[in-house]
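Pasting data-v6.tsv here (TSV, C-alpha atoms):
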```tsv
chain	number	residue	atom	x	y	z
V	29	TYR	CA	-59.59	-14.06	61.21
V	30	VAL	CA	-56.60	-12.65	63.04
V	31	GLY	CA	-53.64	-12.06	60.77
V	32	THR	CA	-50.30	-10.39	61.33
V	33	GLU	CA	-51.81	-7.01	60.47
V	34	MET	CA	-54.25	-7.39	63.38
V	35	LEU	CA	-51.42	-8.38	65.72
V	36	LEU	CA	-49.72	-5.16	64.64
V	37	VAL	CA	-52.88	-3.20	65.49
V	38	GLY	CA	-52.78	-4.76	68.95
V	39	VAL	CA	-49.16	-3.71	69.38
V	40	ILE	CA	-49.99	-0.19	68.20
V	41	ALA	CA	-52.90	-0.01	70.66
V	42	GLU	CA	-50.55	-0.75	73.57
V	43	SER	CA	-49.35	2.63	74.82
V	44	THR	CA	-46.41	1.68	77.04
V	45	GLY	CA	-43.04	0.08	76.56
V	46	VAL	CA	-40.29	0.09	73.96
V	47	ALA	CA	-42.58	-0.76	71.02
V	48	ALA	CA	-44.98	2.06	71.89
V	49	LYS	CA	-42.13	4.56	72.08
V	50	VAL	CA	-40.67	3.47	68.73
V	51	LEU	CA	-44.09	3.50	67.05
V	52	ARG	CA	-44.89	6.93	68.52
V	53	ASN	CA	-41.56	8.30	67.26
V	54	ALA	CA	-42.46	7.00	63.78
V	55	ASP	CA	-45.86	8.76	63.97
V	56	VAL	CA	-47.72	5.44	63.78
V	57	ASN	CA	-51.11	5.60	65.44
V	58	LEU	CA	-54.16	3.38	65.75
V	59	LYS	CA	-56.45	5.50	63.58
V	60	ASN	CA	-54.07	5.54	60.62
V	61	ALA	CA	-53.28	1.83	61.01
V	62	ARG	CA	-56.96	0.87	60.98
V	63	SER	CA	-57.59	2.98	57.89
V	64	ALA	CA	-54.62	1.45	56.10
V	65	ILE	CA	-55.79	-2.08	56.97
V	66	GLU	CA	-59.25	-1.37	55.61
V	67	GLU	CA	-57.63	-0.19	52.37
V	68	MET	CA	-55.42	-3.30	52.25
V	69	VAL	CA	-57.82	-6.11	53.17
V	70	GLY	CA	-61.24	-4.53	53.47
V	71	ARG	CA	-63.64	-4.73	56.36
V	72	GLY	CA	-65.38	-7.87	57.56
V	73	ASN	CA	-69.15	-7.95	57.35
V	74	GLU	CA	-69.88	-10.81	59.76
V	75	LEU	CA	-69.96	-10.93	63.51
V	76	VAL	CA	-67.77	-13.69	64.89
V	77	SER	CA	-68.72	-15.51	68.05
V	78	VAL	CA	-65.76	-15.29	70.39
V	79	SER	CA	-66.97	-18.42	72.20
V	80	LEU	CA	-66.26	-20.41	69.02
V	81	GLY	CA	-62.79	-18.91	68.80
V	82	VAL	CA	-61.41	-16.50	66.26
V	83	PRO	CA	-59.34	-18.19	63.56
V	84	ILE	CA	-55.66	-17.21	63.56
V	85	THR	CA	-53.69	-17.31	60.33
V	86	PRO	CA	-50.60	-19.52	60.13
V	87	ALA	CA	-48.45	-16.39	59.70
V	88	ALA	CA	-49.88	-14.88	62.92
V	89	LYS	CA	-49.24	-18.15	64.79
V	90	GLN	CA	-45.68	-18.17	63.48
V	91	ALA	CA	-45.17	-14.54	64.55
V	92	LEU	CA	-46.38	-15.31	68.08
V	93	ALA	CA	-44.10	-18.35	68.27
V	94	GLU	CA	-41.17	-16.21	67.07
V	95	ALA	CA	-42.04	-13.53	69.66
V	96	SER	CA	-41.86	-16.21	72.34
V	97	VAL	CA	-38.41	-17.25	71.11
V	98	LEU	CA	-37.23	-13.62	71.10
V	99	SER	CA	-38.53	-13.19	74.65
V	100	ARG	CA	-36.63	-16.24	75.87
V	101	GLU	CA	-33.46	-15.06	74.12
V	102	ARG	CA	-33.70	-11.83	76.10
V	103	GLU	CA	-34.40	-13.82	79.27
V	104	ALA	CA	-37.69	-11.97	79.71
V	105	ARG	CA	-40.43	-13.45	81.86
V	106	THR	CA	-43.17	-12.50	79.40
V	107	VAL	CA	-43.68	-11.82	75.73
V	108	ASP	CA	-44.25	-8.09	75.42
V	109	PRO	CA	-45.38	-5.98	72.45
V	110	SER	CA	-41.75	-5.29	71.50
V	111	HIS	CA	-41.10	-8.99	70.99
V	112	ILE	CA	-44.26	-9.29	68.89
V	113	LEU	CA	-43.33	-6.24	66.82
V	114	LEU	CA	-39.85	-7.62	66.15
V	115	ALA	CA	-41.35	-10.96	65.12
V	116	LEU	CA	-43.80	-9.21	62.79
V	117	ILE	CA	-40.97	-7.23	61.20
V	118	LYS	CA	-38.95	-10.41	60.79
V	119	GLU	CA	-41.70	-11.73	58.50
V	120	ASP	CA	-40.33	-9.74	55.58
V	121	GLY	CA	-43.04	-9.03	53.01
V	122	GLY	CA	-45.86	-10.07	55.34
V	123	SER	CA	-49.05	-8.10	55.92
V	124	ALA	CA	-47.68	-6.34	59.01
V	125	CYS	CA	-44.55	-5.19	57.16
V	126	ARG	CA	-46.64	-3.99	54.23
V	127	LEU	CA	-48.85	-2.10	56.67
V	128	LEU	CA	-45.83	-0.43	58.29
V	129	GLU	CA	-44.48	0.52	54.86
V	130	ARG	CA	-47.88	1.93	53.90
V	131	LEU	CA	-47.69	4.06	57.06
V	132	GLY	CA	-44.29	5.41	55.93
V	133	VAL	CA	-42.15	3.25	58.20
V	134	GLU	CA	-39.06	1.33	57.19
V	135	PRO	CA	-39.47	-1.99	59.08
V	136	ARG	CA	-35.76	-2.85	59.30
V	137	LYS	CA	-34.95	0.58	60.71
V	138	MET	CA	-37.75	0.14	63.24
V	139	ALA	CA	-36.28	-3.22	64.31
V	140	GLU	CA	-32.94	-1.50	64.97
V	141	GLU	CA	-34.69	1.16	67.05
V	142	ILE	CA	-36.45	-1.51	69.10
V	143	ARG	CA	-33.17	-3.26	69.81
V	144	GLU	CA	-31.64	0.09	70.82
V	145	GLY	CA	-34.66	0.62	73.08
V	146	PHE	CA	-33.99	-2.74	74.72
V	147	VAL	CA	-30.44	-1.63	75.50
V	148	GLU	CA	-31.71	1.65	76.97
V	149	LYS	CA	-34.38	-0.21	78.94
V	150	ASP	CA	-31.91	-2.71	80.26
V	151	ASN	CA	-29.79	0.32	81.11
V	152	CYS	CA	-27.26	-2.00	82.58
V	153	GLN	CA	-25.00	-3.91	80.23
V	154	CYS	CA	-22.74	-4.47	83.25
V	155	CYS	CA	-25.23	-7.00	84.61
V	156	HIS	CA	-23.93	-9.91	82.58
V	157	SER	CA	-22.94	-12.61	85.08
V	158	ALA	CA	-19.45	-13.25	83.68
V	159	LYS	CA	-18.48	-9.57	83.87
V	160	LEU	CA	-19.83	-9.23	87.39
V	161	GLU	CA	-18.06	-12.34	88.63
V	162	GLU	CA	-14.80	-11.01	87.14
V	163	LEU	CA	-15.31	-7.91	89.26
V	164	GLY	CA	-16.05	-10.01	92.35
V	165	LEU	CA	-19.70	-8.94	92.50
V	166	ASP	CA	-22.74	-11.15	93.11
V	167	PRO	CA	-24.83	-11.19	89.88
V	168	ALA	CA	-28.05	-11.89	91.80
V	169	VAL	CA	-27.67	-8.79	93.97
V	170	VAL	CA	-26.56	-6.45	91.17
V	171	GLY	CA	-29.25	-7.76	88.80
V	172	ARG	CA	-31.92	-7.15	91.42
V	173	GLU	CA	-30.73	-3.56	91.85
V	174	CYS	CA	-30.68	-2.94	88.09
V	175	ARG	CA	-34.18	-4.35	87.63
V	176	LYS	CA	-35.65	-1.95	90.19
V	177	SER	CA	-35.40	0.99	87.80
V	178	THR	CA	-36.49	-0.98	84.75
V	179	MET	CA	-39.59	-2.25	86.57
V	180	LEU	CA	-40.60	1.33	87.31
V	181	GLU	CA	-39.95	2.31	83.71
V	182	GLN	CA	-41.78	-0.76	82.45
V	183	PHE	CA	-44.91	-0.50	84.58
V	184	GLY	CA	-45.02	3.23	85.35
V	185	ARG	CA	-45.91	6.24	83.24
V	186	ASP	CA	-44.09	9.54	83.14
V	187	LEU	CA	-47.05	11.84	83.75
V	188	THR	CA	-44.96	14.92	83.03
V	189	ALA	CA	-44.17	13.60	79.55
V	190	VAL	CA	-47.84	12.68	78.98
V	191	ALA	CA	-48.89	16.21	80.01
V	192	GLU	CA	-46.24	17.82	77.80
V	193	ASP	CA	-47.53	15.77	74.85
V	194	GLY	CA	-51.03	17.09	75.50
V	195	GLY	CA	-52.24	13.71	76.77
V	196	MET	CA	-53.87	15.06	79.92
V	197	ASP	CA	-55.67	18.12	81.12
V	198	PRO	CA	-53.53	20.15	83.56
V	199	MET	CA	-56.62	21.01	85.58
```

Hey, can you dump this file as structure tokens for me?
Amino acid sequence: YVGTEMLLVGVIAESTGVAAKVLRNADVNLKNARSAIEEMVGRGNELVSVSLGVPITPAAKQALAEASVLSREREARTVDPSHILLALIKEDGGSACRLLERLGVEPRKMAEEIREGFVEKDNCQCCHSAKLEELGLDPAVVGRECRKSTMLEQFGRDLTAVAEDGGMDPM
């Protein structure tokens, strides 16, 4: 089955975006998460045919639905790992929260850091339509300009930072 703890593993496995940055800052990594899950729920002993579909727990379905709501609230075009992580944290006492706690993370503090990351990512609180119209600016034009940098940040990688973190061979 796929539970909230496995959704969290998927979020941890994603290496870009706000969620990845917050998880990295909290020293959460895939290896430790997998080990902690095995301690919490054990390891399955059956192979599951993907063609038959993998069962998803009601809590995982609820978390994905909540992530979709969070995405729409932020007027995002897609649900990204940050939305899923926030939804998982919102399920106070759930498997994903227990996993984060087992990894030494305070879920509520992590949620605050994700929201701060959204503000940094948006990098442009001035882009709210009402404020722009008050200033006599066209929100469509200004919004398009603001999104240029966030698209690069969202889909690009800072190779200098990766190299400094030892993530690539300089040769």

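Shortest atom-to-atom contact with Ser99 (chain V) among V:Leu114, V:Met34, V:Glu192, V:Gly145: V:Leu114, counting all atoms listed in the file.
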
- CA of Ala95 (chain V) and CA of Glu129 (chain V) are how many Å apart? 20.6 Å

What's the 10 Å shell around Leu92 (chain V), counting only C-alpha atoms, without same-chain residues fewer than 6 positions away, as a CSV table (one decimal) with C-alpha atoms, keeping the file's coordinate frame?
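The resulting around.csv:
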```csv
chain,number,residue,atom,x,y,z
V,32,THR,CA,-50.3,-10.4,61.3
V,35,LEU,CA,-51.4,-8.4,65.7
V,86,PRO,CA,-50.6,-19.5,60.1
V,98,LEU,CA,-37.2,-13.6,71.1
V,107,VAL,CA,-43.7,-11.8,75.7
V,111,HIS,CA,-41.1,-9.0,71.0
V,112,ILE,CA,-44.3,-9.3,68.9
V,113,LEU,CA,-43.3,-6.2,66.8
V,115,ALA,CA,-41.4,-11.0,65.1
V,116,LEU,CA,-43.8,-9.2,62.8
```

- Item | Coordinates-based distance that separates CA of Met138 (chain V) from CA of Val50 (chain V) (Å, one decimal) |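 Rounded to one decimal, the two atoms are 7.1 Å apart.
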
Report, as AutoDock Vina command-line options, the axis-aligned box around all atoms of region 101-119 of chain V present in the file, extended by 6 Å on each side; give centre and edge lengths in Å to one decimal place.
```
--center_x -39.4 --center_y -10.2 --center_z 70.2 --size_x 23.9 --size_y 21.8 --size_z 35.4
```
